[in-house]
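Data block for input-v3.cif (mmCIF, C-alpha atoms):
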```cif
data_target
#
loop_
_atom_site.label_atom_id
_atom_site.label_comp_id
_atom_site.auth_asym_id
_atom_site.auth_seq_id
_atom_site.Cartn_x
_atom_site.Cartn_y
_atom_site.Cartn_z
CA MET J 12 21.64 14.45 -12.46
CA ILE J 13 18.84 12.34 -10.95
CA LEU J 14 19.30 9.51 -13.46
CA GLU J 15 22.61 9.27 -15.32
CA LEU J 16 22.85 9.05 -19.10
CA PRO J 17 25.02 6.25 -20.53
CA ASN J 18 28.73 6.99 -21.19
CA LYS J 19 28.36 5.94 -24.78
CA TRP J 20 25.41 4.50 -26.72
CA ASP J 21 26.82 1.07 -27.54
CA SER J 22 26.13 -2.68 -27.40
CA ASN J 23 24.40 -2.78 -24.00
CA GLU J 24 21.95 0.04 -24.75
CA TRP J 25 21.14 -1.33 -28.21
CA ALA J 26 20.67 -4.82 -26.79
CA ILE J 27 18.28 -3.65 -24.04
CA LEU J 28 16.27 -1.67 -26.58
CA ILE J 29 16.02 -4.57 -29.05
CA PHE J 30 15.14 -7.12 -26.32
CA LEU J 31 12.50 -4.74 -24.98
CA LEU J 32 10.97 -4.28 -28.40
CA ILE J 33 10.90 -8.01 -29.18
CA SER J 34 9.54 -9.04 -25.78
CA PHE J 35 6.78 -6.41 -25.76
CA ILE J 36 5.78 -7.35 -29.32
CA ILE J 37 5.48 -10.96 -28.12
CA ILE J 38 3.24 -10.10 -25.15
CA VAL J 39 1.07 -7.78 -27.21
CA CYS J 40 0.59 -10.49 -29.86
CA LEU J 41 -0.29 -13.21 -27.33
CA PRO J 42 -4.06 -13.80 -27.00
CA LYS J 43 -5.53 -12.29 -23.81
CA ARG J 44 -5.44 -14.86 -21.03
CA PHE J 45 -5.61 -13.02 -17.71
CA PRO J 46 -7.72 -10.16 -16.32
CA LYS J 47 -6.03 -6.74 -16.47
CA SER J 48 -5.53 -6.46 -12.70
CA VAL J 49 -3.72 -9.83 -12.67
CA THR J 50 -1.69 -9.08 -15.82
CA LEU J 51 -0.35 -5.93 -14.18
CA LEU J 52 0.78 -7.82 -11.06
CA MET J 53 2.38 -10.55 -13.18
CA LEU J 54 4.32 -7.93 -15.15
CA MET J 55 5.40 -6.10 -11.99
CA PHE J 56 6.53 -9.29 -10.28
CA GLY J 57 9.60 -9.55 -12.56
CA LEU J 58 10.40 -5.89 -12.01
CA ILE J 59 10.39 -6.07 -8.21
CA VAL J 60 12.31 -9.35 -7.94
CA ALA J 61 15.08 -7.96 -10.17
CA LYS J 62 15.18 -4.60 -8.40
CA THR J 63 15.25 -6.15 -4.91
CA LEU J 64 17.97 -8.69 -5.71
CA ASP J 65 20.08 -6.00 -7.42
CA HIS J 66 19.58 -3.70 -4.47
CA ILE J 67 20.82 -6.36 -2.04
CA LEU J 68 23.57 -8.04 -4.08
CA GLY J 69 24.66 -5.36 -6.54
CA ILE J 70 25.43 -2.48 -4.19
CA PRO J 71 27.73 -2.21 -1.12
CA PRO J 72 28.42 -3.95 1.23
CA TYR J 73 28.26 -6.94 -1.18
CA ASP J 74 28.63 -5.18 -4.55
CA LEU J 75 28.88 -8.51 -6.38
CA TYR J 76 28.06 -7.15 -9.85
CA ASP J 77 27.14 -4.01 -11.77
CA THR J 78 24.79 -3.27 -14.62
CA ASN J 79 25.43 -1.12 -17.72
CA ASP J 80 28.14 1.56 -17.97
CA LEU J 81 28.36 3.29 -14.60
CA LYS J 82 28.34 2.43 -10.91
CA LYS J 83 25.33 4.73 -10.71
CA TYR J 84 21.60 4.51 -11.40
CA GLU J 85 21.24 5.08 -15.14
CA PHE J 86 18.34 5.44 -17.56
CA SER J 87 19.48 2.13 -19.09
CA ASP J 88 19.06 0.47 -15.66
CA VAL J 89 15.42 1.55 -15.58
CA PHE J 90 14.89 0.03 -19.05
CA LEU J 91 16.70 -3.10 -17.91
CA TYR J 92 14.23 -3.48 -15.02
CA ILE J 93 11.34 -2.94 -17.44
CA LEU J 94 12.79 -5.78 -19.53
CA TYR J 95 12.12 -8.21 -16.67
CA MET J 96 8.38 -7.46 -16.90
CA PRO J 97 7.61 -9.29 -20.18
CA PHE J 98 9.87 -12.16 -19.09
CA SER J 99 7.87 -12.78 -15.93
CA TYR J 100 4.60 -12.41 -17.84
CA ILE J 101 5.66 -14.96 -20.49
CA PHE J 102 6.67 -17.36 -17.69
CA PHE J 103 3.23 -17.07 -16.02
CA TYR J 104 1.49 -17.27 -19.39
CA SER J 105 3.29 -20.46 -20.43
CA TYR J 106 2.69 -22.05 -17.00
CA ASP J 107 -1.02 -21.24 -17.15
CA TYR J 108 -1.30 -22.41 -20.77
CA LEU J 109 0.60 -25.70 -20.40
CA LYS J 110 -0.91 -26.73 -17.02
CA LEU J 111 2.00 -29.09 -16.30
CA ARG J 112 2.24 -31.36 -13.28
CA GLY J 113 4.85 -33.70 -11.73
CA GLY J 114 8.02 -34.43 -13.70
CA LEU J 115 6.97 -32.21 -16.57
CA LEU J 116 6.62 -29.27 -14.21
CA ILE J 117 10.13 -29.86 -12.87
CA SER J 118 11.46 -30.01 -16.46
CA PHE J 119 9.58 -26.78 -17.20
CA LEU J 120 11.19 -25.01 -14.22
CA LEU J 121 14.64 -26.37 -15.09
CA SER J 122 14.25 -25.23 -18.72
CA TRP J 123 13.32 -21.72 -17.61
CA ALA J 124 16.28 -21.61 -15.19
CA VAL J 125 18.65 -22.76 -17.98
CA PHE J 126 17.15 -20.15 -20.32
CA ALA J 127 17.62 -17.44 -17.65
CA VAL J 128 21.28 -18.42 -17.16
CA PHE J 129 21.77 -18.42 -20.94
CA PHE J 130 20.20 -14.97 -21.17
CA GLU J 131 22.46 -13.75 -18.36
CA TRP J 132 25.48 -15.10 -20.29
CA ILE J 133 24.34 -13.13 -23.37
CA SER J 134 23.94 -10.04 -21.14
CA LEU J 135 27.52 -10.53 -19.93
CA LYS J 136 28.82 -10.70 -23.50
CA LEU J 137 26.83 -7.58 -24.44
CA LYS J 138 28.17 -5.73 -21.36
CA ILE J 139 24.74 -5.30 -19.81
CA ILE J 140 26.07 -7.01 -16.66
CA HIS J 141 29.62 -6.85 -15.27
CA TYR J 142 30.60 -9.35 -12.60
CA GLY J 143 32.58 -8.50 -9.49
CA ALA J 144 32.79 -11.50 -7.19
CA TRP J 145 29.69 -13.07 -8.77
CA LYS J 146 29.93 -16.20 -10.95
CA LEU J 147 27.48 -17.31 -13.63
CA PHE J 148 26.82 -20.68 -11.94
CA TYR J 149 25.70 -18.91 -8.72
CA SER J 150 22.72 -17.64 -10.70
CA PHE J 151 21.19 -21.04 -11.47
CA PRO J 152 19.91 -21.84 -7.92
CA ILE J 153 18.78 -18.23 -7.52
CA TYR J 154 16.68 -18.50 -10.70
CA LEU J 155 15.25 -21.83 -9.58
CA LEU J 156 14.27 -20.34 -6.23
CA VAL J 157 12.70 -17.28 -7.88
CA LEU J 158 10.78 -19.51 -10.34
CA CYS J 159 9.40 -21.67 -7.50
CA PHE J 160 8.40 -18.51 -5.65
CA SER J 161 6.75 -17.28 -8.88
CA LEU J 162 4.56 -20.40 -8.96
CA LEU J 163 3.41 -19.70 -5.41
CA PHE J 164 2.67 -16.12 -6.44
CA TYR J 165 0.67 -17.36 -9.46
CA HIS J 166 -1.46 -19.70 -7.33
CA LEU J 167 -2.06 -16.98 -4.74
CA LEU J 168 -3.28 -14.61 -7.49
CA LYS J 169 -5.49 -17.26 -9.04
CA TRP J 170 -7.00 -18.36 -5.71
CA LYS J 171 -7.85 -14.79 -4.71
CA PHE J 172 -9.14 -13.83 -8.14
CA LEU J 173 -11.47 -16.84 -8.41
CA LYS J 174 -12.75 -16.10 -4.90
CA THR J 175 -13.60 -12.47 -5.59
CA ARG J 176 -14.20 -12.19 -9.37
CA LYS J 177 -17.31 -10.49 -10.73
CA ASP J 178 -17.49 -12.29 -14.07
CA GLU J 179 -17.57 -16.09 -13.79
CA GLY J 180 -16.12 -16.44 -17.30
CA GLU J 181 -12.83 -14.68 -16.47
CA TRP J 182 -9.62 -16.75 -16.04
CA GLN J 183 -10.99 -20.32 -15.74
CA MET R 11 21.28 -4.39 18.72
CA VAL R 12 20.24 -2.34 15.66
CA ILE R 13 19.40 -5.45 13.65
CA SER R 14 17.30 -6.89 16.53
CA PHE R 15 15.43 -3.62 16.90
CA PHE R 16 14.52 -3.22 13.22
CA TYR R 17 13.79 -6.93 12.69
CA SER R 18 11.49 -7.02 15.73
CA LEU R 19 9.76 -3.82 14.65
CA SER R 20 9.32 -5.11 11.07
CA ILE R 21 7.85 -8.41 12.32
CA LEU R 22 5.51 -6.68 14.77
CA VAL R 23 4.24 -4.20 12.18
CA ALA R 24 3.81 -6.93 9.51
CA LEU R 25 2.00 -9.22 11.98
CA SER R 26 -0.34 -6.47 13.18
CA PHE R 27 -1.14 -5.58 9.58
CA THR R 28 -1.73 -9.20 8.56
CA LEU R 29 -3.88 -10.21 11.54
CA ARG R 30 -6.37 -7.38 11.43
CA ASN R 31 -9.36 -7.10 9.12
CA LYS R 32 -8.16 -5.39 5.99
CA ARG R 33 -10.42 -3.40 3.73
CA LEU R 34 -7.95 -3.39 0.87
CA HIS R 35 -8.15 -6.29 -1.60
CA LEU R 36 -5.13 -8.62 -1.51
CA PHE R 37 -4.19 -7.48 -5.05
CA GLU R 38 -4.08 -3.87 -3.85
CA VAL R 39 -1.79 -4.84 -0.97
CA ILE R 40 0.54 -6.68 -3.40
CA PHE R 41 0.41 -3.79 -5.88
CA LEU R 42 1.21 -1.27 -3.13
CA TRP R 43 4.06 -3.38 -1.76
CA ILE R 44 5.61 -3.66 -5.23
CA ILE R 45 5.42 0.02 -6.13
CA ILE R 46 6.47 1.26 -2.67
CA THR R 47 9.46 -1.09 -2.57
CA PHE R 48 10.45 -0.30 -6.15
CA PHE R 49 10.30 3.49 -5.78
CA TYR R 50 11.78 3.50 -2.26
CA GLN R 51 14.77 1.40 -3.34
CA SER R 52 15.20 3.52 -6.48
CA ILE R 53 15.20 6.74 -4.43
CA ILE R 54 17.81 5.31 -2.04
CA THR R 55 20.03 4.37 -5.02
CA ILE R 56 19.60 7.79 -6.64
CA LEU R 57 20.30 9.68 -3.39
CA SER R 58 23.31 7.53 -2.48
CA SER R 59 24.99 6.65 -5.80
CA ASN R 60 24.02 9.54 -8.08
CA MET R 61 23.48 12.57 -5.86
CA LYS R 62 25.76 11.62 -2.95
CA LEU R 63 23.23 12.96 -0.46
CA LEU R 64 23.06 9.71 1.45
CA GLU R 65 25.60 7.19 2.71
CA VAL R 66 24.24 3.74 3.45
CA THR R 67 26.13 1.67 6.01
CA THR R 68 28.61 -0.88 4.65
CA ASN R 69 28.41 -2.88 7.89
CA ILE R 70 26.76 -6.16 6.89
CA GLU R 71 24.69 -6.54 10.08
CA THR R 72 23.32 -2.98 10.03
CA ASN R 73 22.72 -3.26 6.29
CA TRP R 74 20.42 -6.25 6.84
CA ALA R 75 18.49 -4.16 9.37
CA TYR R 76 17.98 -1.63 6.56
CA VAL R 77 16.96 -4.39 4.11
CA SER R 78 14.20 -5.53 6.50
CA SER R 79 13.00 -1.94 6.82
CA ARG R 80 13.01 -1.36 3.05
CA LEU R 81 11.17 -4.58 2.29
CA VAL R 82 8.82 -4.93 5.25
CA LEU R 83 8.62 -2.06 7.72
CA ILE R 84 8.29 0.99 5.44
CA PRO R 85 6.02 -0.64 2.77
CA THR R 86 3.70 -2.07 5.46
CA LEU R 87 3.40 1.25 7.29
CA ILE R 88 2.69 3.17 4.08
CA THR R 89 0.13 0.55 2.94
CA TRP R 90 -1.57 0.86 6.32
CA PHE R 91 -1.82 4.63 6.04
CA ILE R 92 -3.05 4.39 2.46
CA GLU R 93 -5.78 2.05 3.69
CA PHE R 94 -6.79 4.63 6.30
CA SER R 95 -6.68 7.46 3.79
CA THR R 96 -8.79 5.42 1.32
CA PHE R 97 -11.61 4.47 3.67
CA LYS R 98 -11.71 7.01 6.49
CA LYS R 99 -12.66 10.63 6.62
CA LEU R 100 -9.91 13.25 7.20
CA LYS R 101 -7.75 11.71 4.44
CA ALA R 102 -5.31 14.63 4.47
CA VAL R 103 -4.67 14.20 8.20
CA TYR R 104 -3.62 10.56 7.68
CA ILE R 105 -1.38 11.51 4.75
CA VAL R 106 0.36 14.28 6.74
CA PHE R 107 0.75 11.92 9.70
CA MET R 108 2.23 9.25 7.40
CA ILE R 109 4.78 11.71 5.98
CA LEU R 110 5.77 12.76 9.51
CA ILE R 111 6.24 9.13 10.56
CA MET R 112 8.40 8.47 7.49
CA ILE R 113 10.57 11.52 8.26
CA THR R 114 10.92 10.25 11.83
CA PHE R 115 12.13 6.90 10.46
CA ASP R 116 14.65 8.71 8.22
CA PHE R 117 16.18 10.31 11.28
CA LEU R 118 15.89 7.09 13.32
CA PHE R 119 17.96 5.34 10.64
CA GLU R 120 20.51 8.12 10.94
CA ALA R 121 20.54 7.97 14.76
CA THR R 122 21.23 4.22 14.61
CA SER R 123 24.02 4.69 12.01
CA VAL R 124 22.12 2.78 9.33
CA ILE R 125 22.35 5.76 6.98
CA LYS R 126 24.09 9.12 7.05
CA HIS R 127 22.63 12.19 5.39
CA VAL R 128 25.04 14.56 3.61
CA ASN R 129 23.94 18.18 3.03
CA TRP R 130 20.42 17.16 3.93
CA SER R 131 17.66 19.00 5.72
CA ILE R 132 14.24 18.20 7.08
CA TRP R 133 12.74 20.19 4.16
CA LYS R 134 14.37 17.89 1.63
CA SER R 135 12.92 14.90 3.51
CA LEU R 136 9.51 16.56 3.55
CA ILE R 137 9.54 17.29 -0.21
CA THR R 138 10.89 13.83 -1.10
CA TRP R 139 8.27 12.04 0.99
CA PHE R 140 5.48 14.29 -0.25
CA ILE R 141 6.30 13.52 -3.92
CA PHE R 142 6.77 9.84 -3.08
CA VAL R 143 3.41 9.54 -1.32
CA TRP R 144 1.66 11.50 -4.08
CA ILE R 145 3.01 9.10 -6.75
CA ILE R 146 2.02 6.03 -4.69
CA ILE R 147 -1.50 7.30 -4.00
CA SER R 148 -2.05 8.23 -7.67
CA LEU R 149 -0.86 4.83 -8.91
CA HIS R 150 -3.00 3.08 -6.30
CA ARG R 151 -6.09 4.99 -7.42
CA GLY R 152 -5.43 3.96 -11.03
CA TYR R 153 -5.01 0.31 -10.06
CA ARG R 154 -8.11 0.35 -7.84
CA ALA R 155 -10.16 1.65 -10.77
CA ILE R 156 -9.03 -1.31 -12.91
CA LEU R 157 -9.58 -3.77 -10.05
CA LYS R 158 -13.08 -2.46 -9.33
CA ARG R 159 -14.23 -3.59 -12.79
CA GLU R 160 -13.01 -7.16 -12.27
CA VAL R 161 -13.43 -8.15 -8.62
CA ARG R 162 -15.71 -7.43 -5.66
CA LEU R 163 -14.02 -4.86 -3.44
#
```

Could you render the structure from this file as structure tokens?
Amino acid sequence: MILELPNKWDSNEWAILIFLLISFIIIVCLPKRFPKSVTLLMLMFGLIVAKTLDHILGIPPYDLYDTNDLKKYEFSDVFLYILYMPFSYIFFYSYDYLKLRGGLLISFLLSWAVFAVFFEWISLKLKIIHYGAWKLFYSFPIYLLVLCFSLLFYHLLKWKFLKTRKDEGEWQ
Amino acid sequence: MVISFFYSLSILVALSFTLRNKRLHLFEVIFLWIIITFFYQSIITILSSNMKLLEVTTNIETNWAYVSSRLVLIPTLITWFIEFSTFKKLKAVYIVFMILIMITFDFLFEATSVIKHVNWSIWKSLITWFIFVWIIISLHRGYRAILKREVRL
């Protein structure tokens, strides 16, 4: 089997499906803010960060945690990676919308990191993630680092887009 | 030794790619890096965990050499070849050359004990890389079509 099917369709699969549905409904309902080419990169940013970190930390030699039912690559894992896409998009969207600076920006980043840890805790309870040697509080600095890196990524996209755009009205 | 070799090679390839005049838009380079890394890492997981056709080293030092190759060396080389195949004539020649280079790297990883193939053959490498490159080129074309409408290429 190229991609494994889950052992049993239970809490983790239902949770991923429901979260996916809710998060995609949210991003579809949000008014258009970015050009399509930028939206795609913002969506894919979450996917690649999650995949890369899982590929380094979640498999041997470290093998610090596992996702879903099996120690194999499952269909549910693919959906789990897709779930990171709307999350990263909503982060970029809220940052672009709020235009925060200084202390407010730090509070914004801290709130997102706390939310990410809270979401990870829910994922633990719903058996989407299973810890090996990993601890929940290790995740907080990782999320903060990823969020800071996301801001750099956002500014890089904006700088390049404004420099090369065709339509002056797009993404002010 | 292995880690120095792959780190140096990754840095050299990334530097050469960055410092030359690129014809791809920065967004295309980012898009290509994301899809190449995502699919490449997924294939490694499928071949090693699900199909047991590949054993990746559990030695921490050698494993980091592989991480640098997965995240820098292989994506940069493929992006470079895709750039050639997008803008130059003899596209097919570049694509075939790229697949051959990737197969060479597969066996270089094996020779340096970074990975070990189990019940593998050069034909399986050839088919895997062919499908991989075909998917990447198709997705890149789709993205380029979207990008063309919004920015100056």

Per residue of chain J within 9 Å of chain R, which atom pair is closest and at what distance in Å (one decimal), using all atoms listed in the file, listed by chain and increasing number, as a tab-separated table?
```
residue	atom	partner	partner_atom	distance
J:Met12	CA	R:Asn60	CA	7.0
J:Ile13	CA	R:Ile56	CA	6.3
J:Leu14	CA	R:Ile56	CA	7.0
J:Glu15	CA	R:Asn60	CA	7.4
J:Pro46	CA	R:Glu160	CA	7.3
J:Lys47	CA	R:Ile156	CA	7.2
J:Ser48	CA	R:Leu157	CA	5.5
J:Val49	CA	R:Phe37	CA	8.0
J:Leu51	CA	R:Phe41	CA	8.6
J:Leu52	CA	R:Phe41	CA	6.6
J:Met55	CA	R:Ile44	CA	7.2
J:Phe56	CA	R:Ile44	CA	7.6
J:Leu58	CA	R:Phe48	CA	8.1
J:Ile59	CA	R:Ile44	CA	6.1
J:Lys62	CA	R:Phe48	CA	6.8
J:Thr63	CA	R:Phe48	CA	7.7
J:His66	CA	R:Gln51	CA	7.1
J:Ile67	CA	R:Val77	CA	7.5
J:Ile70	CA	R:Thr55	CA	8.8
J:Pro71	CA	R:Thr68	CA	6.0
J:Pro72	CA	R:Thr68	CA	4.6
J:Tyr73	CA	R:Ile70	CA	8.2
J:Lys82	CA	R:Ser59	CA	7.4
J:Lys83	CA	R:Ser59	CA	5.3
J:Tyr84	CA	R:Ile56	CA	6.1
J:Glu85	CA	R:Asn60	CA	8.8
J:Leu168	CA	R:Phe37	CA	7.6
J:Lys171	CA	R:Leu36	CA	7.5
J:Phe172	CA	R:Val161	CA	7.1
J:Leu173	CA	R:Val161	CA	8.9
J:Lys174	CA	R:Val161	CA	8.8
J:Thr175	CA	R:Val161	CA	5.3
J:Arg176	CA	R:Val161	CA	4.2
J:Lys177	CA	R:Val161	CA	5.0
J:Asp178	CA	R:Glu160	CA	7.0
J:Glu181	CA	R:Glu160	CA	8.6
```

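In this structure, CA of Phe98 (chain J) sits 19.1 Å away from CA of Leu147 (chain J).
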
CA of Leu135 (chain J) to CA of Tyr50 (chain R), straight-line distance in Å = 27.5 Å

Let me know the residues the PyMOL selection byres ((chain R and resi 126-133) around 10) catches in the file above, as number ranges by chain.
-> R: 57-58, 61-67, 113-114, 116-117, 119-125, 134-139

Can you tell me, as a ChimeraX atom specification, what residues are no more than 9 Å from Phe140 (chain R) when counting only C-alpha atoms, ignoring any on the same chain fewer than 5 positions away?
-> /R:105-106,109,135,145

Option closest in space to Val103 (chain R), from R:Arg33, R:Phe15, R:Pro85, R:Phe91 [counting all atoms listed in the file] = R:Phe91
